[in-house]
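K.L.:
Sending over a structure as structure tokens; questions will come in a sec.
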Amino acid sequence: MRRWLKRIGLAAGILLLLVIIAGTGGFFWLRTSLPQTEGTAPLPGLAADVSVIRDEFGVPTIRAASEADAYRALGYVHAQDRLWQMEQMRRLGAGRLSELTGSATLEYDRLMRTLGLYRLAERGVEQASPALREALDAYAEGVNTWLDTHKGALPPEFVLLRHRPEPWRPADSLVWGKLMAMQLTGNWHAELKRAQLSPYFTPRQIEQLWRTDPEAQHVPAAMAPLPSGLAARVLAALPPALTPRRASNIWALDGSRTTSGKPLLANDPHLGLTNPALWYLARIEVPGLTLAGATVPGVPMHLIGHNEKVAWGFTTTHGDTSDIFIEKIDPADAGRYQSPDGSVAFESREEIIKLRGGEEVTVTIRASRHGPIVSDTHGGSRQALAAYGKPEEFALALSATLLDPDDRTAEALFRMNRAESAVDFRTALRDFHAPQQNIAFADIEGSIGMVTAGKVPVRRFGDGFLPAPGWTGEYDWASFLPYEELPQHFNPPSGRVMNANNDVTGPDYPHYLGRSFDTPHRARRIAEQLDGKDNADMRAMTALQYDALDLAAPELLTVILPMLPDGPARQLLSGWDGQMLRDRPEPLLYHGWLRHLPKRLLADEFAPTGQEVPWLANHQLAGMLRGEGGWCDDISTADRQESCTDIARAALDDAITELSADYGAEMMAWRWGDAHRARFSGMVLGRIPLLGPLFDVVVETDGSNTTVNRGTSRLDNDDAPYRHVHGAGLRVVFDLSSLDDSLFIQAPGQSANPFSPHYDDLAGDWSVGRYLRVTAPQGQAMRELRLTPAP
């Protein structure tokens, strides 16, 4: 027996040693996926040598003799640091994720094929100007050279999925713009959600649930008949990465308001926090052109940056540039639908979606005169509608400016990068079509401006709040607003332009842009801080980007605190000014209350709908707790009628019970930062069982959904309700008196490779408000790779 135990122990020891050896070998093999950053490397197609100099944070400066050579090098560098991100992006846009992940992403691929985003990207390549086409081709050559010449392992995601990427194509670069337009065009998504609720709530109640402006009062007309559940099936096919999450801050001050006498421009776009981040900092220097700022891996342009003459940035407008149309199927022929001119045949084509493992799925894609039939994305409209007893009676079509086959947005971005002045930049924006954006800019001569650029539909009737009947023609799009009639400001007398996703139209603006603008609290806070300064400097701009005062919190507390009896919670919140600081207990208690208030208010009404209780803005909660809409009574308790005071107290009790269990019974010892943490997690590495969390980057943050320092949480997420999931992954401040002194920060790092020191080295700085410069290389920490022409 003792001999057998000895043999078992020896075998176990040998097995452990083999695991250690294999693990060590695997570790060193995976490290060969890191980029070469010094020495020389061949890059076919170059006209002359190109220098790639990386600073201590991995930010490259590319010095080349021509723009084409610079873009070859940029493609090479993007592939070195972010290849998996680029692969994931182009496969999502082309509807080809299932080739890697199997049936789990089949519905996503079906939706992407239905929308035809990649077909539109291919058309964009065909229509590109010679200069843009040269940049796209050169960039693709750079990516493919790295793929062809890299001798070590590919990034870890490729190893895990046992996948070798195909060559990069110019259309792979342009499809990114379509994906961003999808994410930043949210009204069609909201229309479907409102359609789901229409059988259960009155039009006035639905309007109250979506009212973003506390002063607005829009009551929609009744919607056309729609089978219950059809909207839900379309929404189920929408990839989480494209679920609308839209916000940003931007402002610019002219020289009369700054210490330098030249403009300052600050921008922080807000998106979901992921690893890797969307943004990649880079600098390009070629004769006659220098570009510095934020690029997107996969795209040969600077999206936010400066060119030594003009600086620019973006916020999303929340304009309503998409509509869902309900098409009525011809009862005599399921291949046709009704229109104002009679029965019309659907446009139709078939595509094959390949699944990992070899299986193929053939899908039929249809389009009406309004656009692609998105209700086909869940098993075909016949099957989807048959489940609700109405086979072949209706279909849902999407009209959206982002689906315009003649979209020239990429051309606009290319010209924006090369603008010689603010006037020149403003002219380039004429070709910016989708998504609609507020684009602010400033030049070294002292001009500032902002244009709400993008195509805006003019509807014959209605405002696109709910799906509209497509067979009458009554709700069709008649035209688009002329560029000259879009909201725009150029060198305004106030000396500033600004936007925080708030309404860009004034009371006298004659056109309809939408009514889903963000609440005005961030905009009010920015305006308060800017209007009090006529000697602004860079420090004031960065401080404002990290401002954590929530103007919405005191407004809600004014309504609900009087409903409470005296006690520790009321005492704590009564003396609080709304600062969402990580070291304070009040933000955690406040958000716990916000988390449970909608449940107490709406769970009974939403139970029959099958939908989750929605997130509500503070002014919506305040209105309901004042008694508007009769939401306070719990309709599931027929024997009694609850008051709004009952609801407020019960929600606070729920919050205290939950928070005490998670953070201890001593309320004053709670810290917002213990719960409010940004977690940067990857799609593949972050989902590895047991090991996934090791690849996550986690930092504490200040802020809330309505602070300038945006720190949005998903309070309806029971697993991590206070996690910081959406915010300013990039912050920039441009100094037009000395553009090399402009400041940048993005998180978590430049590299997506967990073996790289630049995988997470910017996250801590990003969390506390430290910035870096993207300037001409200097100092000892630089590493230079020389790319050389090759036959």
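Every chain in the structure tokens takes a letter, A first, then B, and so on in the order presented; its residues are numbered from 1, and the ligands are numbered from 1 following the presented order.
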Based on the backbone DSSP call, show me all residues of segment 347-512 of chain A assigned helix (DSSP H, G or I), as an NGL selection string.
P.N.:
:A and (374-377 or 381-386 or 401-403 or 409-417 or 422-431 or 483-485)
K.L.:
Give me, as number ranges by chain, all polymer residues having an atom no more than 12 Å from Pro492 of chain A, counting only C-alpha atoms and skipping those fewer than 3 positions away in the same chain.
P.N.:
A: 252-254, 256, 447-450, 488-489, 495-498
K.L.:
Tell me, as a list of chain:residue names, which residues lie within 8 Å of segment 464-469 of chain A, counting only C-alpha atoms; anything in the same chain fewer than 5 positions away does not count.
P.N.:
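Non-adjacent residues within range: A:Asn187, A:Glu191, A:Leu192, A:Arg194, A:Ala195, A:Pro220, A:Met223, A:Ala224, A:Asp320, A:Ser322, A:Asp323, A:Ile324, A:Phe325, A:Ile326, A:Glu327, A:Tyr475.
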K.L.:
I need the strand (DSSP E or B) residues of segment 492-600 of chain A per DSSP on the backbone, written as a PyMOL selection string.
P.N.:
chain A and resi 496-499+536+549+579
K.L.:
One number please: atom CA of Ala138 of chain A to atom CA of Val125 of chain A, in Å, one decimal.
P.N.:
13.0 Å
K.L.:
Just the number, please: distance in Å from atom CA of Gly335 of chain A to atom CA of Thr185 of chain A, one decimal.
P.N.:
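So the answer is 29.5 Å.
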K.L.:
So the first atom is atom CA of Phe414 of chain A and the second is atom CA of Thr788 of chain A; what is the distance between them in Å, to one decimal place?
P.N.:
26.1 Å
K.L.:
Check the smallest atom-to-atom distance from each of A:Ala453, A:Leu92, A:Val732, A:Leu291 to Met182 of chain A using only C-alpha atoms, then report the winner.
P.N.:
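Residue with the minimum atom-to-atom distance to Met182 of chain A: A:Leu92.
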K.L.:
Please identify all polymer residues within 10 Å of segment 167-179 of chain A, counting only C-alpha atoms, omitting same-chain residues fewer than 3 positions from it, and present them as a ChimeraX atom specification.
P.N.:
/A:75,86-87,89-94,112,116-126,133-145,147-148,164,182-185,241-242,296-301,402-403,407,409-410,434-435
K.L.:
Could you name the residues that touch Ala367 of chain A at 8 Å or less, counting only C-alpha atoms, but leaving out those on the same chain fewer than 4 positions away, as a ChimeraX atom specification?
P.N.:
/A:346-348,371-373,397
K.L.:
Those selected residues, please, written with N, CA and C atoms and delivered as a PDB file, in the first residue's frame.
P.N.:
```pdb
ATOM      1  N   PHE A 346     -41.571  42.953 -52.111  1.00  0.00           N
ATOM      2  CA  PHE A 346     -40.382  43.161 -51.291  1.00  0.00           C
ATOM      3  C   PHE A 346     -39.130  42.941 -52.137  1.00  0.00           C
ATOM      4  N   GLU A 347     -38.111  43.753 -51.909  1.00  0.00           N
ATOM      5  CA  GLU A 347     -36.781  43.398 -52.396  1.00  0.00           C
ATOM      6  C   GLU A 347     -36.297  42.224 -51.549  1.00  0.00           C
ATOM      7  N   SER A 348     -35.634  41.267 -52.165  1.00  0.00           N
ATOM      8  CA  SER A 348     -35.275  40.060 -51.429  1.00  0.00           C
ATOM      9  C   SER A 348     -33.945  39.509 -51.910  1.00  0.00           C
ATOM     10  N   GLY A 371     -37.065  50.562 -46.008  1.00  0.00           N
ATOM     11  CA  GLY A 371     -35.784  50.058 -45.548  1.00  0.00           C
ATOM     12  C   GLY A 371     -35.836  48.584 -45.216  1.00  0.00           C
ATOM     13  N   PRO A 372     -34.770  48.046 -44.610  1.00  0.00           N
ATOM     14  CA  PRO A 372     -34.706  46.615 -44.315  1.00  0.00           C
ATOM     15  C   PRO A 372     -35.784  46.180 -43.327  1.00  0.00           C
ATOM     16  N   ILE A 373     -36.270  44.950 -43.505  1.00  0.00           N
ATOM     17  CA  ILE A 373     -37.306  44.394 -42.622  1.00  0.00           C
ATOM     18  C   ILE A 373     -36.620  43.792 -41.396  1.00  0.00           C
ATOM     19  N   ALA A 397     -40.147  47.653 -40.745  1.00  0.00           N
ATOM     20  CA  ALA A 397     -39.045  48.153 -41.571  1.00  0.00           C
ATOM     21  C   ALA A 397     -38.364  49.313 -40.847  1.00  0.00           C
TER      22      ALA A 397
END
```
K.L.:
From the options A:Leu621, A:Leu273, A:Ala345, A:Ala543, which residue's atoms come nearest to Leu530 of chain A, counting only C-alpha atoms?
P.N.:
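Closest candidate: A:Ala543.
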